[in-house]
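K.L.:
Sharing final_34.tsv below, TSV, N, CA and C atoms:
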chain	number	residue	atom	x	y	z
X	219	MET	N	-11.28	3.41	0.15
X	219	MET	CA	-10.97	3.87	1.48
X	219	MET	C	-11.25	5.35	1.57
X	220	LYS	N	-11.66	5.77	2.69
X	220	LYS	CA	-11.90	7.18	2.90
X	220	LYS	C	-10.91	7.66	3.93
X	221	GLY	N	-10.33	8.80	3.70
X	221	GLY	CA	-9.40	9.32	4.69
X	221	GLY	C	-8.19	9.94	4.04
X	222	ASN	N	-7.13	9.99	4.81
X	222	ASN	CA	-5.93	10.66	4.40
X	222	ASN	C	-4.75	9.85	4.87
X	223	ALA	N	-3.85	9.50	3.97
X	223	ALA	CA	-2.73	8.65	4.32
X	223	ALA	C	-1.53	9.42	4.86
X	224	LEU	N	-1.61	10.75	4.88
X	224	LEU	CA	-0.50	11.50	5.45
X	224	LEU	C	-0.37	11.18	6.92
X	225	GLY	N	0.84	11.03	7.39
X	225	GLY	CA	1.07	10.76	8.79
X	225	GLY	C	1.00	9.29	9.14
X	226	LEU	N	0.68	8.42	8.19
X	226	LEU	CA	0.68	7.00	8.46
X	226	LEU	C	2.11	6.48	8.47
X	227	SER	N	2.35	5.49	9.29
X	227	SER	CA	3.67	4.86	9.31
X	227	SER	C	3.85	4.04	8.04
X	228	ARG	N	5.06	3.64	7.80
X	228	ARG	CA	5.36	2.79	6.64
X	228	ARG	C	4.55	1.49	6.73
X	229	MET	N	4.47	0.91	7.92
X	229	MET	CA	3.72	-0.34	8.10
X	229	MET	C	2.24	-0.13	7.80
X	230	GLU	N	1.68	0.98	8.26
X	230	GLU	CA	0.27	1.26	7.97
X	230	GLU	C	0.03	1.42	6.47
X	231	LYS	N	1.00	2.00	5.77
X	231	LYS	CA	0.87	2.15	4.32
X	231	LYS	C	0.94	0.79	3.63
X	232	TYR	N	1.85	-0.08	4.09
X	232	TYR	CA	1.92	-1.44	3.54
X	232	TYR	C	0.58	-2.15	3.73
X	233	LEU	N	0.04	-2.05	4.93
X	233	LEU	CA	-1.22	-2.73	5.23
X	233	LEU	C	-2.39	-2.11	4.47
X	234	ALA	N	-2.32	-0.80	4.23
X	234	ALA	CA	-3.37	-0.14	3.44
X	234	ALA	C	-3.37	-0.69	2.01
X	235	VAL	N	-2.18	-0.93	1.45
X	235	VAL	CA	-2.08	-1.51	0.10
X	235	VAL	C	-2.69	-2.91	0.10
X	236	ILE	N	-2.34	-3.70	1.11
X	236	ILE	CA	-2.87	-5.06	1.20
X	236	ILE	C	-4.39	-5.03	1.35
X	237	LYS	N	-4.88	-4.09	2.15
X	237	LYS	CA	-6.32	-3.96	2.36
X	237	LYS	C	-7.04	-3.64	1.05
X	238	VAL	N	-6.47	-2.76	0.25
X	238	VAL	CA	-7.07	-2.43	-1.05
X	238	VAL	C	-7.09	-3.66	-1.94
X	239	LEU	N	-5.97	-4.38	-1.99
X	239	LEU	CA	-5.88	-5.53	-2.89
X	239	LEU	C	-6.75	-6.70	-2.43
X	240	GLU	N	-7.09	-6.75	-1.15
X	240	GLU	CA	-8.00	-7.77	-0.65
X	240	GLU	C	-9.38	-7.60	-1.29
X	241	ASN	N	-9.72	-6.35	-1.61
X	241	ASN	CA	-11.05	-6.04	-2.14
X	241	ASN	C	-11.08	-5.81	-3.65
X	242	TRP	N	-9.94	-5.64	-4.28
X	242	TRP	CA	-9.88	-5.36	-5.71
X	242	TRP	C	-8.82	-6.25	-6.33
X	243	ASP	N	-9.11	-6.88	-7.43
X	243	ASP	CA	-8.16	-7.79	-8.06
X	243	ASP	C	-7.53	-7.15	-9.28
X	244	SER	N	-6.25	-7.35	-9.43
X	244	SER	CA	-5.49	-6.93	-10.60
X	244	SER	C	-5.70	-5.45	-10.92
X	245	ILE	N	-5.19	-4.59	-10.04
X	245	ILE	CA	-5.30	-3.15	-10.26
X	245	ILE	C	-3.91	-2.53	-10.36
X	246	THR	N	-3.86	-1.38	-11.00
X	246	THR	CA	-2.58	-0.70	-11.23
X	246	THR	C	-2.14	0.08	-9.99
X	247	GLN	N	-0.90	0.52	-10.04
X	247	GLN	CA	-0.35	1.32	-8.94
X	247	GLN	C	-1.19	2.59	-8.73
X	248	LYS	N	-1.59	3.21	-9.82
X	248	LYS	CA	-2.40	4.43	-9.74
X	248	LYS	C	-3.75	4.14	-9.08
X	249	GLN	N	-4.37	3.01	-9.41
X	249	GLN	CA	-5.64	2.64	-8.80
X	249	GLN	C	-5.48	2.35	-7.30
X	250	ILE	N	-4.36	1.74	-6.93
X	250	ILE	CA	-4.08	1.49	-5.51
X	250	ILE	C	-4.03	2.82	-4.77
X	251	ILE	N	-3.34	3.80	-5.34
X	251	ILE	CA	-3.21	5.13	-4.73
X	251	ILE	C	-4.59	5.75	-4.53
X	252	CYS	N	-5.43	5.67	-5.56
X	252	CYS	CA	-6.78	6.26	-5.48
X	252	CYS	C	-7.64	5.55	-4.45
X	253	LYS	N	-7.64	4.23	-4.46
X	253	LYS	CA	-8.51	3.46	-3.56
X	253	LYS	C	-8.04	3.55	-2.11
X	254	ALA	N	-6.74	3.71	-1.90
X	254	ALA	CA	-6.21	3.87	-0.54
X	254	ALA	C	-6.29	5.32	-0.09
X	255	ASP	N	-6.65	6.21	-1.02
X	255	ASP	CA	-6.77	7.65	-0.76
X	255	ASP	C	-5.45	8.24	-0.26
X	256	PHE	N	-4.34	7.76	-0.85
X	256	PHE	CA	-3.04	8.33	-0.53
X	256	PHE	C	-2.91	9.67	-1.25
X	257	ASN	N	-2.36	10.65	-0.57
X	257	ASN	CA	-2.11	11.95	-1.20
X	257	ASN	C	-0.89	11.91	-2.10
X	258	LEU	N	0.02	11.03	-1.79
X	258	LEU	CA	1.25	10.92	-2.56
X	258	LEU	C	1.31	9.54	-3.19
X	259	ALA	N	2.10	9.41	-4.23
X	259	ALA	CA	2.25	8.12	-4.89
X	259	ALA	C	2.83	7.08	-3.92
X	260	VAL	N	2.37	5.85	-4.09
X	260	VAL	CA	2.96	4.74	-3.34
X	260	VAL	C	4.29	4.45	-4.03
X	261	PRO	N	5.39	4.64	-3.32
X	261	PRO	CA	6.68	4.38	-3.96
X	261	PRO	C	6.76	2.94	-4.46
X	262	LYS	N	7.39	2.77	-5.59
X	262	LYS	CA	7.55	1.44	-6.19
X	262	LYS	C	8.23	0.49	-5.20
X	263	ASP	N	9.13	1.01	-4.35
X	263	ASP	CA	9.80	0.12	-3.41
X	263	ASP	C	8.84	-0.45	-2.37
X	264	TYR	N	7.73	0.24	-2.07
X	264	TYR	CA	6.71	-0.33	-1.18
X	264	TYR	C	6.12	-1.58	-1.82
X	265	LEU	N	5.75	-1.45	-3.09
X	265	LEU	CA	5.15	-2.58	-3.80
X	265	LEU	C	6.17	-3.71	-3.97
X	266	ASN	N	7.41	-3.36	-4.30
X	266	ASN	CA	8.46	-4.38	-4.44
X	266	ASN	C	8.68	-5.13	-3.14
X	267	PHE	N	8.64	-4.42	-2.01
X	267	PHE	CA	8.81	-5.05	-0.70
X	267	PHE	C	7.71	-6.08	-0.45
X	268	LEU	N	6.47	-5.70	-0.74
X	268	LEU	CA	5.34	-6.61	-0.53
X	268	LEU	C	5.41	-7.80	-1.49
X	269	VAL	N	5.92	-7.59	-2.71
X	269	VAL	CA	6.11	-8.68	-3.66
X	269	VAL	C	7.18	-9.64	-3.13
X	270	LYS	N	8.29	-9.10	-2.62
X	270	LYS	CA	9.37	-9.95	-2.09
X	270	LYS	C	8.89	-10.80	-0.91
X	271	LEU	N	7.95	-10.27	-0.13
X	271	LEU	CA	7.41	-11.02	1.00
X	271	LEU	C	6.32	-11.99	0.58
X	272	ASP	N	5.99	-12.02	-0.72
X	272	ASP	CA	4.95	-12.87	-1.27
X	272	ASP	C	3.58	-12.54	-0.70
X	273	LEU	N	3.35	-11.25	-0.40
X	273	LEU	CA	2.04	-10.80	0.07
X	273	LEU	C	1.18	-10.31	-1.08
X	274	ILE	N	1.84	-9.81	-2.12
X	274	ILE	CA	1.16	-9.41	-3.36
X	274	ILE	C	1.99	-9.92	-4.53
X	275	ILE	N	1.35	-9.97	-5.70
X	275	ILE	CA	2.09	-10.34	-6.91
X	275	ILE	C	1.92	-9.25	-7.95
X	276	GLU	N	2.94	-9.12	-8.77
X	276	GLU	CA	2.92	-8.16	-9.86
X	276	GLU	C	2.80	-8.95	-11.16
X	277	LYS	N	1.84	-8.55	-12.00
X	277	LYS	CA	1.64	-9.19	-13.29
X	277	LYS	C	1.65	-8.11	-14.37
X	278	THR	N	2.00	-8.51	-15.57
X	278	THR	CA	1.90	-7.60	-16.71
X	278	THR	C	0.74	-8.06	-17.58
X	279	ILE	N	-0.22	-7.16	-17.75
X	279	ILE	CA	-1.36	-7.42	-18.63
X	279	ILE	C	-1.32	-6.35	-19.71
X	280	GLY	N	-1.04	-6.80	-20.92
X	280	GLY	CA	-0.85	-5.85	-22.01
X	280	GLY	C	0.41	-5.05	-21.72
X	281	ASN	N	0.25	-3.73	-21.67
X	281	ASN	CA	1.41	-2.88	-21.35
X	281	ASN	C	1.34	-2.32	-19.93
X	282	LYS	N	0.43	-2.86	-19.11
X	282	LYS	CA	0.26	-2.37	-17.74
X	282	LYS	C	0.74	-3.38	-16.72
X	283	LYS	N	1.33	-2.88	-15.66
X	283	LYS	CA	1.66	-3.71	-14.50
X	283	LYS	C	0.50	-3.61	-13.53
X	284	VAL	N	0.01	-4.75	-13.10
X	284	VAL	CA	-1.09	-4.78	-12.14
X	284	VAL	C	-0.68	-5.61	-10.93
X	285	TYR	N	-1.37	-5.40	-9.84
X	285	TYR	CA	-1.04	-6.06	-8.58
X	285	TYR	C	-2.26	-6.79	-8.05
X	286	SER	N	-2.01	-7.94	-7.44
X	286	SER	CA	-3.05	-8.74	-6.82
X	286	SER	C	-2.52	-9.27	-5.49
X	287	ILE	N	-3.44	-9.58	-4.60
X	287	ILE	CA	-3.06	-10.13	-3.30
X	287	ILE	C	-2.82	-11.64	-3.45
X	288	THR	N	-1.89	-12.18	-2.68
X	288	THR	CA	-1.64	-13.61	-2.67
X	288	THR	C	-2.42	-14.25	-1.52
X	289	GLU	N	-2.39	-15.56	-1.46
X	289	GLU	CA	-3.03	-16.26	-0.34
X	289	GLU	C	-2.38	-15.85	0.98
X	290	LYS	N	-1.07	-15.70	0.97
X	290	LYS	CA	-0.36	-15.25	2.18
X	290	LYS	C	-0.82	-13.85	2.59
X	291	GLY	N	-1.01	-12.97	1.61
X	291	GLY	CA	-1.51	-11.63	1.88
X	291	GLY	C	-2.93	-11.65	2.44
X	292	GLN	N	-3.75	-12.58	1.92
X	292	GLN	CA	-5.12	-12.72	2.43
X	292	GLN	C	-5.11	-13.18	3.89
X	293	ARG	N	-4.20	-14.09	4.22
X	293	ARG	CA	-4.09	-14.55	5.62
X	293	ARG	C	-3.68	-13.40	6.52
X	294	LEU	N	-2.76	-12.56	6.05
X	294	LEU	CA	-2.33	-11.41	6.84
X	294	LEU	C	-3.49	-10.45	7.04
X	295	CYS	N	-4.26	-10.25	5.99
X	295	CYS	CA	-5.43	-9.36	6.05
X	295	CYS	C	-6.42	-9.88	7.10
X	296	LYS	N	-6.65	-11.17	7.11
X	296	LYS	CA	-7.57	-11.77	8.09
X	296	LYS	C	-6.98	-11.67	9.50
X	297	TYR	N	-5.67	-11.91	9.63
X	297	TYR	CA	-5.02	-11.86	10.94
X	297	TYR	C	-5.19	-10.48	11.59
X	298	PHE	N	-4.96	-9.44	10.81
X	298	PHE	CA	-5.09	-8.07	11.33
X	298	PHE	C	-6.52	-7.54	11.23
X	299	ARG	N	-7.44	-8.36	10.69
X	299	ARG	CA	-8.83	-7.97	10.54
X	299	ARG	C	-8.94	-6.63	9.82
X	300	LEU	N	-8.22	-6.50	8.72
X	300	LEU	CA	-8.15	-5.22	8.01
X	300	LEU	C	-9.47	-4.78	7.43
X	301	ASN	N	-10.37	-5.70	7.17
X	301	ASN	CA	-11.67	-5.31	6.61
X	301	ASN	C	-12.79	-5.33	7.63
X	302	ASP	N	-12.45	-5.50	8.90
X	302	ASP	CA	-13.45	-5.41	9.97
X	302	ASP	C	-13.61	-3.95	10.38
X	303	ASP	N	-14.81	-3.58	10.79
X	303	ASP	CA	-15.03	-2.22	11.25
X	303	ASP	C	-14.19	-1.88	12.47
X	304	ASP	N	-13.89	-2.87	13.28
X	304	ASP	CA	-13.11	-2.64	14.51
X	304	ASP	C	-11.71	-3.25	14.37
X	305	ASN	N	-11.08	-3.05	13.20
X	305	ASN	CA	-9.79	-3.68	12.95
X	305	ASN	C	-8.73	-3.20	13.92
X	306	LEU	N	-7.68	-4.00	14.05
X	306	LEU	CA	-6.62	-3.73	15.01
X	306	LEU	C	-5.63	-2.66	14.56
X	307	VAL	N	-5.50	-2.47	13.27
X	307	VAL	CA	-4.45	-1.59	12.75
X	307	VAL	C	-4.93	-0.17	12.54
X	308	PHE	N	-6.08	0.00	11.88
X	308	PHE	CA	-6.51	1.33	11.48
X	308	PHE	C	-7.45	1.99	12.45
X	309	ASN	N	-7.66	1.39	13.61
X	309	ASN	CA	-8.51	1.99	14.62
X	309	ASN	C	-7.86	3.30	15.08
X	310	GLY	N	-8.58	4.38	14.98
X	310	GLY	CA	-8.03	5.69	15.37
X	310	GLY	C	-7.45	6.48	14.22
X	311	THR	N	-7.36	5.88	13.02
X	311	THR	CA	-6.90	6.62	11.85
X	311	THR	C	-8.11	6.94	11.01
X	312	LYS	N	-7.90	7.67	9.94
X	312	LYS	CA	-9.01	8.05	9.07
X	312	LYS	C	-9.24	7.00	7.98
X	313	ILE	N	-8.47	5.93	7.97
X	313	ILE	CA	-8.67	4.89	6.96
X	313	ILE	C	-9.76	3.98	7.47
X	314	THR	N	-10.79	3.80	6.66
X	314	THR	CA	-11.96	3.03	7.09
X	314	THR	C	-12.20	1.85	6.16
X	315	ARG	N	-13.19	1.10	6.48
X	315	ARG	CA	-13.56	-0.09	5.71
X	315	ARG	C	-13.89	0.28	4.27
X	316	ILE	N	-13.49	-0.57	3.35
X	316	ILE	CA	-13.83	-0.40	1.94
X	316	ILE	C	-15.16	-1.10	1.71
X	317	ASP	N	-16.10	-0.38	1.15
X	317	ASP	CA	-17.40	-1.00	0.83
X	317	ASP	C	-17.56	-1.17	-0.65
Go ahead and render the structure in this file as structure tokens.
P.N.:
Amino acid sequence: MKGNALGLSRMEKYLAVIKVLENWDSITQKQIICKADFNLAVPKDYLNFLVKLDLIIEKTIGNKKVYSITEKGQRLCKYFRLNDDDNLVFNGTKITRID
């Protein structure tokens, strides 16, 4: 993602995480931050919230915790058209399509 996550609402940040995971499988919290271009760390409670909603899953591979999108998260991504150039959520923000 290109842009700046400062000033995004909590919901936009949740959806940005889901958008990243739609395009990348089994990545760490640090990788999510980099790919979403967040200036600040994604608080663990953001990820825990999305896990509780069954939108993403947390797995342990070796000594690392990684995150992946679930089928429910993929449906949400499609519903909000998060990967479309003219998506409903990020239109007007600096967060753009991941290529």
K.L.:
What is the distance between atom C of Lys282 of chain X and atom N of Arg299 of chain X, in Å to one decimal?
P.N.:
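These atoms are spaced 29.0 Å apart.
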K.L.:
Atom C of Asn301 of chain X to atom CA of Glu289 of chain X: how many Å, to one decimal?
P.N.:
16.7 Å
K.L.:
Go through X:Asn257, X:Phe267, X:Asp272, X:Met229 and flag the residue nearest Lys290 of chain X, using all atoms listed in the file for the distances.
P.N.:
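Closest to Lys290 of chain X of all the choices is X:Asp272.
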K.L.:
Atom CA of Ile245 of chain X and atom N of Val284 of chain X are how many Å apart?
P.N.:
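Between atom CA of Ile245 of chain X and atom N of Val284 of chain X the gap works out to 6.2 Å.
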K.L.:
Using only N, CA and C atoms, find the one residue out of X:Leu271, X:Trp242, X:Leu226, X:Lys248 that sits nearest to Gly291 of chain X.
P.N.:
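The closest residue to Gly291 of chain X is X:Leu271.
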K.L.:
Measuring between only C-alpha atoms, which one of X:Gly225, X:Asn266, X:Tyr297, X:Ile287 shows the shortest distance to Asn241 of chain X?
P.N.:
X:Ile287
K.L.:
X:Glu276, X:Glu230, X:Asp302, X:Glu240: which is nearest Lys253 of chain X, counting only C-alpha atoms?
P.N.:
X:Glu240
